[in-house]
>>> print(open('my_file31.tsv').read())   # TSV, C-alpha atoms
chain	number	residue	atom	x	y	z
A	1	ASN	CA	-4.46	-79.65	63.62
A	2	VAL	CA	-4.49	-80.96	60.04
A	3	SER	CA	-4.99	-84.71	59.62
A	4	SER	CA	-2.61	-86.91	57.67
A	5	ASP	CA	-5.64	-87.95	55.56
A	6	MET	CA	-6.05	-84.31	54.50
A	7	ILE	CA	-2.33	-84.04	53.64
A	8	GLU	CA	-2.52	-87.21	51.52
A	9	TYR	CA	-5.73	-86.00	49.86
A	10	LEU	CA	-4.12	-82.66	48.96
A	11	ALA	CA	-0.99	-84.40	47.63
A	12	SER	CA	-3.06	-86.83	45.56
A	13	ASN	CA	-5.20	-84.01	44.13
A	14	THR	CA	-2.13	-81.96	43.29
A	15	ALA	CA	-0.38	-84.92	41.65
A	16	SER	CA	-3.42	-85.56	39.45
A	17	ILE	CA	-3.18	-82.11	37.83
A	18	ILE	CA	-0.01	-82.56	35.80
A	19	GLN	CA	2.35	-85.31	34.73
A	20	ILE	CA	6.05	-85.05	35.62
A	21	LYS	CA	8.87	-85.86	33.23
A	22	PRO	CA	11.65	-87.76	35.00
A	23	ASN	CA	14.85	-85.74	35.26
A	24	HIS	CA	17.74	-87.53	33.56
A	25	ASN	CA	20.05	-84.52	33.68
A	26	MET	CA	23.18	-85.69	35.51
A	27	ILE	CA	24.58	-82.14	35.57
A	28	ASP	CA	21.80	-80.98	37.89
A	29	ILE	CA	23.32	-81.44	41.35
A	30	ALA	CA	20.61	-79.55	43.22
A	31	LEU	CA	19.05	-81.38	46.13
A	32	PRO	CA	15.98	-83.36	45.13
A	33	ALA	CA	12.64	-81.87	46.10
A	34	PRO	CA	10.94	-83.38	49.14
A	35	SER	CA	8.01	-85.70	48.53
A	36	LEU	CA	4.80	-83.78	47.86
A	37	PRO	CA	3.12	-84.93	51.11
A	38	GLN	CA	6.21	-83.91	53.10
A	39	PHE	CA	6.32	-80.53	51.33
A	40	ILE	CA	2.63	-79.92	52.10
A	41	LYS	CA	3.07	-80.97	55.73
A	42	THR	CA	6.05	-78.62	56.11
A	43	LEU	CA	4.05	-75.70	54.65
A	44	VAL	CA	1.11	-76.46	56.95
A	45	VAL	CA	3.35	-76.55	60.02
A	46	HIS	CA	5.36	-73.41	59.14
A	47	SER	CA	2.36	-71.33	58.10
A	48	ASN	CA	-0.01	-72.66	60.77
A	49	VAL	CA	-2.64	-72.79	58.05
A	50	GLN	CA	-6.06	-74.01	59.16
A	51	THR	CA	-8.31	-76.66	57.63
A	52	PRO	CA	-10.78	-74.20	56.00
A	53	THR	CA	-7.88	-72.69	54.01
A	54	LEU	CA	-6.83	-76.17	52.90
A	55	MET	CA	-10.44	-76.90	51.92
A	56	ALA	CA	-10.42	-73.82	49.68
A	57	THR	CA	-7.05	-74.95	48.31
A	58	THR	CA	-8.71	-78.16	47.07
A	59	VAL	CA	-11.18	-76.07	45.06
A	60	TYR	CA	-8.37	-74.10	43.42
A	61	LEU	CA	-6.53	-77.35	42.65
A	62	SER	CA	-9.70	-78.70	41.03
A	63	LYS	CA	-10.16	-75.53	38.98
A	64	LEU	CA	-6.56	-75.75	37.82
A	65	ARG	CA	-7.04	-79.41	36.84
A	66	SER	CA	-9.82	-78.32	34.47
A	67	ILE	CA	-7.58	-75.63	32.93
A	68	ILE	CA	-4.29	-77.50	32.36
A	69	PRO	CA	-4.43	-79.87	29.37
A	70	GLY	CA	-3.76	-83.54	30.11
A	71	ASN	CA	-0.83	-83.73	27.69
A	72	VAL	CA	1.23	-81.10	29.53
A	73	TYR	CA	4.29	-82.20	31.51
A	74	GLY	CA	6.07	-80.43	34.33
A	75	ILE	CA	9.46	-80.62	36.03
A	76	GLU	CA	10.13	-82.25	39.41
A	77	THR	CA	8.97	-79.20	41.41
A	78	THR	CA	5.93	-78.30	39.28
A	79	ARG	CA	3.48	-80.00	41.65
A	80	HIS	CA	5.10	-78.30	44.64
A	81	ARG	CA	4.68	-74.95	42.87
A	82	ILE	CA	1.06	-75.67	41.96
A	83	PHE	CA	0.18	-76.60	45.52
A	84	LEU	CA	1.96	-73.59	47.02
A	85	GLY	CA	0.26	-71.22	44.58
A	86	CYS	CA	-3.20	-72.57	45.34
A	87	LEU	CA	-2.48	-72.45	49.08
A	88	ILE	CA	-1.32	-68.83	48.87
A	89	LEU	CA	-4.44	-67.81	46.93
A	90	ALA	CA	-6.68	-69.59	49.43
A	91	ALA	CA	-4.89	-68.03	52.42
A	92	LYS	CA	-5.02	-64.53	50.94
A	93	THR	CA	-8.64	-64.89	49.83
A	94	LEU	CA	-9.99	-66.25	53.12
A	95	ASN	CA	-7.87	-64.60	55.78
A	96	ASP	CA	-7.50	-60.96	56.73
A	97	SER	CA	-3.93	-61.66	57.73
A	98	SER	CA	-1.91	-64.06	55.60
A	99	PRO	CA	1.83	-64.69	55.38
A	100	LEU	CA	3.73	-62.48	52.96
A	101	ASN	CA	5.26	-64.14	49.90
A	102	LYS	CA	8.74	-63.78	51.42
A	103	HIS	CA	7.49	-65.90	54.32
A	104	TRP	CA	5.92	-68.48	51.99
A	105	ALA	CA	9.29	-68.71	50.21
A	106	SER	CA	11.05	-69.34	53.51
A	107	TYR	CA	8.49	-72.04	54.38
A	108	THR	CA	9.67	-74.03	51.33
A	109	ASP	CA	13.03	-74.61	53.08
A	110	GLY	CA	15.05	-73.31	50.14
A	111	LEU	CA	13.10	-75.06	47.36
A	112	LEU	CA	11.66	-71.78	46.03
A	113	HIS	CA	12.82	-68.17	46.19
A	114	ILE	CA	10.70	-65.05	46.60
A	115	ARG	CA	10.73	-64.17	42.88
A	116	GLU	CA	9.47	-67.66	42.00
A	117	VAL	CA	6.72	-67.45	44.62
A	118	ASN	CA	5.61	-64.06	43.26
A	119	THR	CA	5.57	-65.46	39.72
A	120	ILE	CA	3.59	-68.55	40.78
A	121	GLU	CA	0.92	-66.41	42.44
A	122	ARG	CA	0.66	-64.02	39.48
A	123	GLU	CA	0.45	-66.86	36.93
A	124	LEU	CA	-2.26	-68.66	38.92
A	125	LEU	CA	-4.33	-65.49	39.12
A	126	GLU	CA	-4.02	-65.18	35.34
A	127	TYR	CA	-5.02	-68.84	34.85
A	128	PHE	CA	-8.12	-68.15	36.97
A	129	ASP	CA	-8.75	-64.87	35.12
A	130	TRP	CA	-8.52	-63.22	38.55
A	131	ASN	CA	-11.74	-64.98	39.62
A	132	VAL	CA	-10.99	-66.52	43.02
A	133	THR	CA	-14.60	-66.99	44.14
A	134	ILE	CA	-15.53	-70.39	45.52
A	135	THR	CA	-19.09	-71.66	45.38
A	136	THR	CA	-20.70	-73.96	47.93
A	137	ASN	CA	-21.20	-76.51	45.15
A	138	GLU	CA	-17.49	-76.46	44.26
A	139	LEU	CA	-16.59	-76.91	47.91
A	140	THR	CA	-18.95	-79.84	48.49
A	141	THR	CA	-17.86	-81.52	45.25
A	142	CYS	CA	-14.15	-81.21	46.02
A	143	LEU	CA	-14.56	-82.36	49.62
A	144	SER	CA	-17.02	-85.20	48.97
A	145	PRO	CA	-14.57	-87.91	50.15
A	146	PHE	CA	-14.50	-86.21	53.56
A	147	LEU	CA	-18.21	-85.38	53.61
A	148	GLN	CA	-19.53	-88.85	52.74
A	149	PRO	CA	-18.67	-90.48	56.10
A	150	ILE	CA	-20.25	-87.50	57.89
A	151	LYS	CA	-23.42	-87.83	55.78
A	152	GLU	CA	-23.59	-91.55	56.53
A	153	GLN	CA	-23.15	-90.91	60.26
A	154	CYS	CA	-25.91	-88.27	60.22
A	155	LEU	CA	-28.25	-90.62	58.36
A	156	LYS	CA	-27.52	-93.45	60.82
A	157	GLN	CA	-28.17	-91.09	63.76
A	158	ARG	CA	-31.44	-89.89	62.20
A	159	GLN	CA	-32.60	-93.48	61.71
A	160	GLN	CA	-31.74	-94.32	65.34
A	161	ASN	CA	-33.64	-91.24	66.54
A	162	LEU	CA	-36.70	-92.27	64.51
A	163	LEU	CA	-36.56	-95.78	65.96
A	164	LEU	CA	-36.37	-94.39	69.49
A	165	PHE	CA	-39.17	-91.89	68.80
A	166	ASN	CA	-41.47	-94.57	67.34
A	167	ALA	CA	-40.77	-97.00	70.20
>>> encode(input="my_file31.tsv", output="structure tokens")
Amino acid sequence: NVSSDMIEYLASNTASIIQIKPNHNMIDIALPAPSLPQFIKTLVVHSNVQTPTLMATTVYLSKLRSIIPGNVYGIETTRHRIFLGCLILAAKTLNDSSPLNKHWASYTDGLLHIREVNTIERELLEYFDWNVTITTNELTTCLSPFLQPIKEQCLKQRQQNLLLFNA
């Protein structure tokens, strides 16, 4: 079960990658995209993706942040597309059995179609120069906000054990 903290962390990381230009086009009558946290939660529920896959997704988001220039703007759904692409790469890289792109498209509840999902995946692979390896260092750096409380708890436990041992 994926925590709401993880969902918020993923949404925040994704949002930090690219700025969004507000849409002032009154002709566009399409339904607005769901909030990024809601979109991520929906994908997690539909795909039954596990925490390790989401952890790898954070690394791909971080890599993408270092590739995309800060002065680039996206449209309303750009962040949704970025997250989905990184999630698909993580799922396909880590799992022997991963949803097909037609399933990922259906998990977006009509926001994206199969051709768009295929394009997102292909473009991300090109951004990464087809290098989808994840190092331990990248993983620990990207997940440091989650690891810090665990480190502190381990240190506290070690200190208590030393006190008991020396008593």
>>> atom_distance(input="my_file31.tsv", atom1="CA of Ala33 (chain A)", atom2="CA of Gly110 (chain A)")
9.8 Å
>>> closest_atom_pairs(input="my_file31.tsv", of="region 111-160 of chain A", to="region 59-74 of chain A", cutoff="8 Å", atoms="only C-alpha atoms", output="Markdown table")
| residue | atom | partner | partner_atom | distance |
| --- | --- | --- | --- | --- |
| A:Tyr127 | CA | A:Ile67 | CA | 7.5 |
| A:Phe128 | CA | A:Leu64 | CA | 7.8 |
| A:Ile134 | CA | A:Val59 | CA | 7.2 |
| A:Glu138 | CA | A:Val59 | CA | 6.4 |
| A:Leu139 | CA | A:Val59 | CA | 6.2 |
| A:Cys142 | CA | A:Val59 | CA | 6.0 |
>>> axis_aligned_box(input="my_file31.tsv", around="region 128-139 of chain A", padding_each_side="3 Å", output="JSON")
{"center_x": -14.7, "center_y": -70.1, "center_z": 41.5, "size_x": 19.1, "size_y": 19.7, "size_z": 18.8}
>>> residues_near_point(input="my_file31.tsv", point="(3.8, -81.0, 45.6)", cutoff="8 Å", atoms="all atoms listed in the file", output="list of chain:residue names")
A:Ala11, A:Thr14, A:Ala15, A:Ser35, A:Leu36, A:Pro37, A:Phe39, A:Ile40, A:Thr77, A:Thr78, A:Arg79, A:His80, A:Arg81, A:Ile82, A:Phe83, A:Leu84
>>> closest_residue(input="my_file31.tsv", among="A:Asn137, A:Asn161, A:Thr51, A:Asn118", to="Asn101 (chain A)", atoms="only C-alpha atoms")
A:Asn118
>>> residues_around(input="my_file31.tsv", residues="Pro52 (chain A)", least_positions_apart="4", cutoff="12 Å", atoms="only C-alpha atoms", output="mmCIF file with C-alpha atoms, in the frame of the given file")
data_model
loop_
_atom_site.group_PDB
_atom_site.id
_atom_site.type_symbol
_atom_site.label_atom_id
_atom_site.label_comp_id
_atom_site.auth_asym_id
_atom_site.auth_seq_id
_atom_site.Cartn_x
_atom_site.Cartn_y
_atom_site.Cartn_z
ATOM 1 C CA ASN A 1 -4.460 -79.650 63.620
ATOM 2 C CA VAL A 2 -4.490 -80.960 60.040
ATOM 3 C CA MET A 6 -6.050 -84.310 54.500
ATOM 4 C CA ASN A 48 -0.010 -72.660 60.770
ATOM 5 C CA ALA A 56 -10.420 -73.820 49.680
ATOM 6 C CA THR A 57 -7.050 -74.950 48.310
ATOM 7 C CA THR A 58 -8.710 -78.160 47.070
ATOM 8 C CA VAL A 59 -11.180 -76.070 45.060
ATOM 9 C CA LEU A 87 -2.480 -72.450 49.080
ATOM 10 C CA ALA A 90 -6.680 -69.590 49.430
ATOM 11 C CA ALA A 91 -4.890 -68.030 52.420
ATOM 12 C CA THR A 93 -8.640 -64.890 49.830
ATOM 13 C CA LEU A 94 -9.990 -66.250 53.120
ATOM 14 C CA ASN A 95 -7.870 -64.600 55.780
ATOM 15 C CA LEU A 139 -16.590 -76.910 47.910
ATOM 16 C CA LEU A 143 -14.560 -82.360 49.620
#
>>> atom_distance(input="my_file31.tsv", atom1="CA of Thr42 (chain A)", atom2="CA of Glu126 (chain A)")
26.7 Å
>>> atom_distance(input="my_file31.tsv", atom1="CA of Thr136 (chain A)", atom2="CA of Val44 (chain A)")
23.7 Å
>>> closest_residue(input="my_file31.tsv", among="A:His46, A:Thr119, A:Lys151, A:Pro32", to="His103 (chain A)", atoms="all atoms listed in the file")
A:His46
>>> closest_residue(input="my_file31.tsv", among="A:Glu116, A:Asp96, A:Glu76, A:Asp5", to="Phe146 (chain A)", atoms="all atoms listed in the file")
A:Asp5
>>> residues_around(input="my_file31.tsv", residues="Ala105 (chain A)", least_positions_apart="3", cutoff="10 Å", atoms="all atoms listed in the file", output="list in words")
Leu43, Leu84, Pro99, Leu100, Asn101, Lys102, Thr108, Asp109, Gly110, Leu111, Leu112, His113, Ile114, Arg115, Glu116, Val117 and Asn118 of chain A
